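Here the structure is laid out as C-alpha cells; the discussion comes afterwards.
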Amino acid sequence: MGFGIVTLQSGRPFTVALLSDIDNSGTGRSILGFGANDRPNVVGDPNLSQQTPEHWFNTSAFAFPPPGTFGNAGRNILDGPGYQSVNAALVKNTNLTEQVNLQFRTEFFNLFNHPNFNLPDNFLGSPTFGRISSARDPRHIQFGVKLLF
C-alpha cells in the first residue's frame, strides 16, 4: 500500500527593512529589542523577471531615506520563493498470527529533492542584501518496523 501528500505553495511575502542597528527615523523604536524597524525608500521596480538565489530582487530599487524620516517602502511588498514538496510512503503489512501483524514502512520526505529556498536577506545595508543563503530540508528517507497486536 502506498500514499502521498503533494504540497505546492506560492512564496511568502516579506518586508524590506534597514539593518536593525540603524535608527534612521530617530524614533528609537524597538521591536523585541532588535533596534529600530525603519524601512528604505523605493526608488525603482524591486521585481526581477529572472530571479536566482544570488539575486532574488532588484536591490538597486531601494535607498536609504534621509535621516530623520521614515522610508516609503510598504509592508510585504515582495514575495519569497515558493515551496514544492512530495511526501510519500510505502507500507507492507504481514500477518504473523491471527492477531499479530508486522508492518514495514518506508517514508520519503521531499521525494524529488526539490530545492526549497528560505527568504532572502531583506536588510538594506547588509552585505548579503537580496541573496538567499539557506534552504529547507533536502530529501529524507526513513524506514520503520511496527509490531501491531
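Each chain in the C-alpha cells gets a letter, A, B, ..., in the order shown, and its residues are numbered from 1; ligands are numbered from 1 in order too.
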Mind checking DSSP for chain A and telling me the strand (DSSP E) residues as a PyMOL selection string?
chain A and resi 2-9+13-14+17-18+41-42+62-63+78-79+83-95+101-109+123-124+140-148
For A:Pro138, please output as a ChimeraX atom specification all residues within 10 Å (counting only C-alpha atoms; exclusion window: fewer than 6 positions along the same chain).
/A:85,109-116
Keeping only all heavy atoms, write those residues as a PDB file, in the first residue's frame.
ATOM      1  N   SER A  85       6.796  20.230  -2.516  1.00  0.00           N
ATOM      2  CA  SER A  85       7.265  19.009  -1.879  1.00  0.00           C
ATOM      3  C   SER A  85       6.292  17.870  -2.150  1.00  0.00           C
ATOM      4  O   SER A  85       5.083  18.074  -2.182  1.00  0.00           O
ATOM      5  CB  SER A  85       7.400  19.213  -0.370  1.00  0.00           C
ATOM      6  OG  SER A  85       7.876  18.039   0.243  1.00  0.00           O
ATOM      7  N   PHE A 109      10.376  12.068   2.451  1.00  0.00           N
ATOM      8  CA  PHE A 109      10.005  13.464   2.619  1.00  0.00           C
ATOM      9  C   PHE A 109      10.797  14.269   1.590  1.00  0.00           C
ATOM     10  O   PHE A 109      12.004  14.129   1.495  1.00  0.00           O
ATOM     11  CB  PHE A 109      10.303  13.938   4.044  1.00  0.00           C
ATOM     12  CG  PHE A 109       9.588  13.108   5.074  1.00  0.00           C
ATOM     13  CD1 PHE A 109      10.231  12.051   5.699  1.00  0.00           C
ATOM     14  CD2 PHE A 109       8.272  13.357   5.387  1.00  0.00           C
ATOM     15  CE1 PHE A 109       9.575  11.272   6.636  1.00  0.00           C
ATOM     16  CE2 PHE A 109       7.597  12.580   6.320  1.00  0.00           C
ATOM     17  CZ  PHE A 109       8.256  11.540   6.943  1.00  0.00           C
ATOM     18  N   ASN A 110      10.101  15.109   0.820  1.00  0.00           N
ATOM     19  CA  ASN A 110      10.692  15.826  -0.321  1.00  0.00           C
ATOM     20  C   ASN A 110      11.283  14.798  -1.288  1.00  0.00           C
ATOM     21  O   ASN A 110      12.467  14.830  -1.628  1.00  0.00           O
ATOM     22  CB  ASN A 110      11.729  16.849   0.125  1.00  0.00           C
ATOM     23  CG  ASN A 110      12.108  17.820  -0.979  1.00  0.00           C
ATOM     24  OD1 ASN A 110      11.523  17.826  -2.063  1.00  0.00           O
ATOM     25  ND2 ASN A 110      13.098  18.650  -0.707  1.00  0.00           N
ATOM     26  N   LEU A 111      10.439  13.886  -1.719  1.00  0.00           N
ATOM     27  CA  LEU A 111      10.818  12.737  -2.538  1.00  0.00           C
ATOM     28  C   LEU A 111      11.706  13.104  -3.724  1.00  0.00           C
ATOM     29  O   LEU A 111      12.691  12.428  -4.002  1.00  0.00           O
ATOM     30  CB  LEU A 111       9.555  12.015  -3.028  1.00  0.00           C
ATOM     31  CG  LEU A 111       9.749  10.846  -3.976  1.00  0.00           C
ATOM     32  CD1 LEU A 111      10.482   9.718  -3.276  1.00  0.00           C
ATOM     33  CD2 LEU A 111       8.405  10.364  -4.498  1.00  0.00           C
ATOM     34  N   PHE A 112      11.375  14.164  -4.449  1.00  0.00           N
ATOM     35  CA  PHE A 112      12.125  14.533  -5.647  1.00  0.00           C
ATOM     36  C   PHE A 112      13.274  15.490  -5.353  1.00  0.00           C
ATOM     37  O   PHE A 112      13.909  16.005  -6.273  1.00  0.00           O
ATOM     38  CB  PHE A 112      11.177  15.108  -6.694  1.00  0.00           C
ATOM     39  CG  PHE A 112      10.126  14.120  -7.110  1.00  0.00           C
ATOM     40  CD1 PHE A 112       8.791  14.354  -6.812  1.00  0.00           C
ATOM     41  CD2 PHE A 112      10.468  12.939  -7.742  1.00  0.00           C
ATOM     42  CE1 PHE A 112       7.814  13.429  -7.169  1.00  0.00           C
ATOM     43  CE2 PHE A 112       9.503  12.015  -8.103  1.00  0.00           C
ATOM     44  CZ  PHE A 112       8.174  12.261  -7.814  1.00  0.00           C
ATOM     45  N   ASN A 113      13.545  15.727  -4.065  1.00  0.00           N
ATOM     46  CA  ASN A 113      14.669  16.551  -3.625  1.00  0.00           C
ATOM     47  C   ASN A 113      14.648  17.938  -4.264  1.00  0.00           C
ATOM     48  O   ASN A 113      15.671  18.480  -4.657  1.00  0.00           O
ATOM     49  CB  ASN A 113      15.999  15.845  -3.891  1.00  0.00           C
ATOM     50  CG  ASN A 113      17.088  16.321  -2.956  1.00  0.00           C
ATOM     51  OD1 ASN A 113      16.815  16.803  -1.867  1.00  0.00           O
ATOM     52  ND2 ASN A 113      18.331  16.187  -3.382  1.00  0.00           N
ATOM     53  N   HIS A 114      13.459  18.526  -4.358  1.00  0.00           N
ATOM     54  CA  HIS A 114      13.310  19.866  -4.933  1.00  0.00           C
ATOM     55  C   HIS A 114      13.920  20.894  -3.972  1.00  0.00           C
ATOM     56  O   HIS A 114      13.628  20.878  -2.787  1.00  0.00           O
ATOM     57  CB  HIS A 114      11.823  20.168  -5.156  1.00  0.00           C
ATOM     58  CG  HIS A 114      11.588  21.473  -5.824  1.00  0.00           C
ATOM     59  ND1 HIS A 114      11.495  22.647  -5.130  1.00  0.00           N
ATOM     60  CD2 HIS A 114      11.448  21.795  -7.133  1.00  0.00           C
ATOM     61  CE1 HIS A 114      11.293  23.630  -5.974  1.00  0.00           C
ATOM     62  NE2 HIS A 114      11.270  23.147  -7.194  1.00  0.00           N
ATOM     63  N   PRO A 115      14.763  21.808  -4.469  1.00  0.00           N
ATOM     64  CA  PRO A 115      15.325  22.816  -3.558  1.00  0.00           C
ATOM     65  C   PRO A 115      14.246  23.819  -3.156  1.00  0.00           C
ATOM     66  O   PRO A 115      13.631  24.461  -4.008  1.00  0.00           O
ATOM     67  CB  PRO A 115      16.426  23.477  -4.382  1.00  0.00           C
ATOM     68  CG  PRO A 115      16.056  23.224  -5.797  1.00  0.00           C
ATOM     69  CD  PRO A 115      15.286  21.932  -5.820  1.00  0.00           C
ATOM     70  N   ASN A 116      13.992  23.941  -1.878  1.00  0.00           N
ATOM     71  CA  ASN A 116      13.023  24.897  -1.341  1.00  0.00           C
ATOM     72  C   ASN A 116      13.803  25.923  -0.532  1.00  0.00           C
ATOM     73  O   ASN A 116      14.239  25.646   0.578  1.00  0.00           O
ATOM     74  CB  ASN A 116      11.989  24.182  -0.472  1.00  0.00           C
ATOM     75  CG  ASN A 116      11.076  23.320  -1.308  1.00  0.00           C
ATOM     76  OD1 ASN A 116      10.397  23.803  -2.191  1.00  0.00           O
ATOM     77  ND2 ASN A 116      11.076  22.022  -1.037  1.00  0.00           N
TER      78      ASN A 116
END
Which residue of A:Phe70, A:Phe129, A:Trp56, A:Phe117 approaches A:Gly82 most closely, using only C-alpha atoms:
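Of all the options, A:Phe117 lies closest to A:Gly82.
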What gap, in Å, lies between atom CA of A:Leu124 and atom CA of A:Leu19?
6.1 Å
List the neighbours of stretch 98-107 of chain A out to 6 Å using only C-alpha atoms; skip same-chain residues closer than 3 positions along the sequence, and give me the result as a list in words.
Ala88, Ala89, Leu90, Val91, Lys92, Asn93, Thr94, Asn95, Ile141, Gln142, Phe143, Gly144, Val145, Lys146, Leu147, Leu148 and Phe149 of chain A
Would you export the selected residues with all heavy atoms as a tab-separated table (two decimals), in the first residue's frame, please?
chain	number	residue	atom	x	y	z
A	88	ALA	N	5.84	10.78	0.39
A	88	ALA	CA	5.20	9.51	0.04
A	88	ALA	C	5.62	8.43	1.02
A	88	ALA	O	6.65	8.54	1.69
A	88	ALA	CB	5.60	9.10	-1.38
A	89	ALA	N	4.79	7.41	1.10
A	89	ALA	CA	5.09	6.29	1.98
A	89	ALA	C	4.67	4.99	1.32
A	89	ALA	O	3.68	4.94	0.58
A	89	ALA	CB	4.37	6.44	3.31
A	90	LEU	N	5.44	3.96	1.55
A	90	LEU	CA	5.10	2.60	1.13
A	90	LEU	C	4.99	1.77	2.40
A	90	LEU	O	5.88	1.80	3.25
A	90	LEU	CB	6.18	2.02	0.22
A	90	LEU	CG	6.39	2.73	-1.11
A	90	LEU	CD1	7.61	2.16	-1.82
A	90	LEU	CD2	5.15	2.60	-1.97
A	91	VAL	N	3.88	1.06	2.53
A	91	VAL	CA	3.60	0.29	3.74
A	91	VAL	C	3.27	-1.14	3.34
A	91	VAL	O	2.47	-1.38	2.44
A	91	VAL	CB	2.42	0.91	4.53
A	91	VAL	CG1	2.13	0.10	5.78
A	91	VAL	CG2	2.71	2.36	4.87
A	92	LYS	N	3.88	-2.11	4.02
A	92	LYS	CA	3.62	-3.53	3.78
A	92	LYS	C	3.25	-4.18	5.11
A	92	LYS	O	4.03	-4.16	6.06
A	92	LYS	CB	4.86	-4.21	3.19
A	92	LYS	CG	4.81	-5.70	3.12
A	92	LYS	CD	3.86	-6.18	2.06
A	92	LYS	CE	4.01	-7.68	1.90
A	92	LYS	NZ	2.81	-8.37	1.68
A	93	ASN	N	2.03	-4.71	5.19
A	93	ASN	CA	1.57	-5.41	6.39
A	93	ASN	C	1.72	-6.91	6.18
A	93	ASN	O	1.33	-7.45	5.14
A	93	ASN	CB	0.11	-5.09	6.69
A	93	ASN	CG	-0.06	-3.65	7.15
A	93	ASN	OD1	0.66	-3.19	8.00
A	93	ASN	ND2	-1.03	-2.96	6.58
A	94	THR	N	2.29	-7.59	7.17
A	94	THR	CA	2.47	-9.03	7.10
A	94	THR	C	1.82	-9.65	8.34
A	94	THR	O	2.13	-9.25	9.47
A	94	THR	CB	3.97	-9.38	7.08
A	94	THR	OG1	4.58	-8.70	5.99
A	94	THR	CG2	4.19	-10.86	6.94
A	95	ASN	N	0.93	-10.61	8.12
A	95	ASN	CA	0.29	-11.31	9.24
A	95	ASN	C	1.26	-12.34	9.80
A	95	ASN	O	1.71	-13.24	9.09
A	95	ASN	CB	-0.98	-12.02	8.78
A	95	ASN	CG	-2.06	-11.03	8.38
A	95	ASN	OD1	-2.12	-9.93	8.92
A	95	ASN	ND2	-2.91	-11.43	7.46
A	141	ILE	N	14.72	10.07	3.94
A	141	ILE	CA	14.09	8.75	3.81
A	141	ILE	C	14.21	8.07	5.17
A	141	ILE	O	15.28	8.08	5.78
A	141	ILE	CB	14.78	7.89	2.73
A	141	ILE	CG1	14.75	8.61	1.38
A	141	ILE	CG2	14.12	6.52	2.63
A	141	ILE	CD1	15.58	7.93	0.31
A	142	GLN	N	13.11	7.51	5.62
A	142	GLN	CA	13.17	6.75	6.87
A	142	GLN	C	12.47	5.42	6.72
A	142	GLN	O	11.51	5.30	5.96
A	142	GLN	CB	12.59	7.56	8.03
A	142	GLN	CG	11.11	7.80	8.00
A	142	GLN	CD	10.67	8.68	9.18
A	142	GLN	OE1	11.42	9.44	9.74
A	142	GLN	NE2	9.41	8.55	9.53
A	143	PHE	N	12.99	4.46	7.41
A	143	PHE	CA	12.44	3.11	7.41
A	143	PHE	C	11.94	2.80	8.81
A	143	PHE	O	12.51	3.24	9.79
A	143	PHE	CB	13.51	2.09	7.01
A	143	PHE	CG	14.11	2.35	5.66
A	143	PHE	CD1	15.32	3.03	5.54
A	143	PHE	CD2	13.46	1.91	4.50
A	143	PHE	CE1	15.87	3.28	4.29
A	143	PHE	CE2	14.02	2.16	3.27
A	143	PHE	CZ	15.22	2.84	3.16
A	144	GLY	N	10.90	2.01	8.88
A	144	GLY	CA	10.37	1.65	10.18
A	144	GLY	C	9.72	0.28	10.16
A	144	GLY	O	9.27	-0.21	9.13
A	145	VAL	N	9.71	-0.35	11.32
A	145	VAL	CA	9.04	-1.62	11.52
A	145	VAL	C	8.16	-1.45	12.74
A	145	VAL	O	8.59	-0.93	13.77
A	145	VAL	CB	10.05	-2.77	11.74
A	145	VAL	CG1	9.33	-4.07	12.02
A	145	VAL	CG2	11.00	-2.90	10.57
A	146	LYS	N	6.89	-1.88	12.61
A	146	LYS	CA	5.94	-1.74	13.71
A	146	LYS	C	5.28	-3.07	13.95
A	146	LYS	O	4.83	-3.73	13.01
A	146	LYS	CB	4.89	-0.70	13.34
A	146	LYS	CG	3.93	-0.36	14.47
A	146	LYS	CD	2.76	0.49	14.00
A	146	LYS	CE	3.13	1.84	13.56
A	146	LYS	NZ	1.94	2.69	13.29
A	147	LEU	N	5.22	-3.46	15.20
A	147	LEU	CA	4.53	-4.69	15.58
A	147	LEU	C	3.14	-4.31	16.09
A	147	LEU	O	3.02	-3.55	17.05
A	147	LEU	CB	5.33	-5.42	16.67
A	147	LEU	CG	4.77	-6.79	17.10
A	147	LEU	CD1	4.82	-7.77	15.94
A	147	LEU	CD2	5.57	-7.31	18.29
A	148	LEU	N	2.11	-4.79	15.42
A	148	LEU	CA	0.72	-4.48	15.78
A	148	LEU	C	0.10	-5.72	16.41
A	148	LEU	O	0.10	-6.80	15.81
A	148	LEU	CB	-0.06	-4.07	14.54
A	148	LEU	CG	0.51	-2.88	13.77
A	148	LEU	CD1	-0.06	-2.81	12.38
A	148	LEU	CD2	0.22	-1.61	14.52
A	149	PHE	N	-0.44	-5.57	17.62
A	149	PHE	CA	-1.08	-6.72	18.28
A	149	PHE	C	-2.32	-6.28	19.00
A	149	PHE	O	-2.59	-5.13	19.21
A	149	PHE	CB	-0.11	-7.44	19.24
A	149	PHE	CG	0.53	-6.55	20.23
A	149	PHE	CD1	-0.03	-6.38	21.50
A	149	PHE	CD2	1.71	-5.88	19.94
A	149	PHE	CE1	0.57	-5.55	22.43
A	149	PHE	CE2	2.32	-5.06	20.88
A	149	PHE	CZ	1.75	-4.90	22.12
Pick from A:Phe108, A:Ser49, A:Thr7, A:Pro67: nearest to A:Gly26, with only C-alpha atoms counted?
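Smallest separation from A:Gly26 among the options: A:Pro67.
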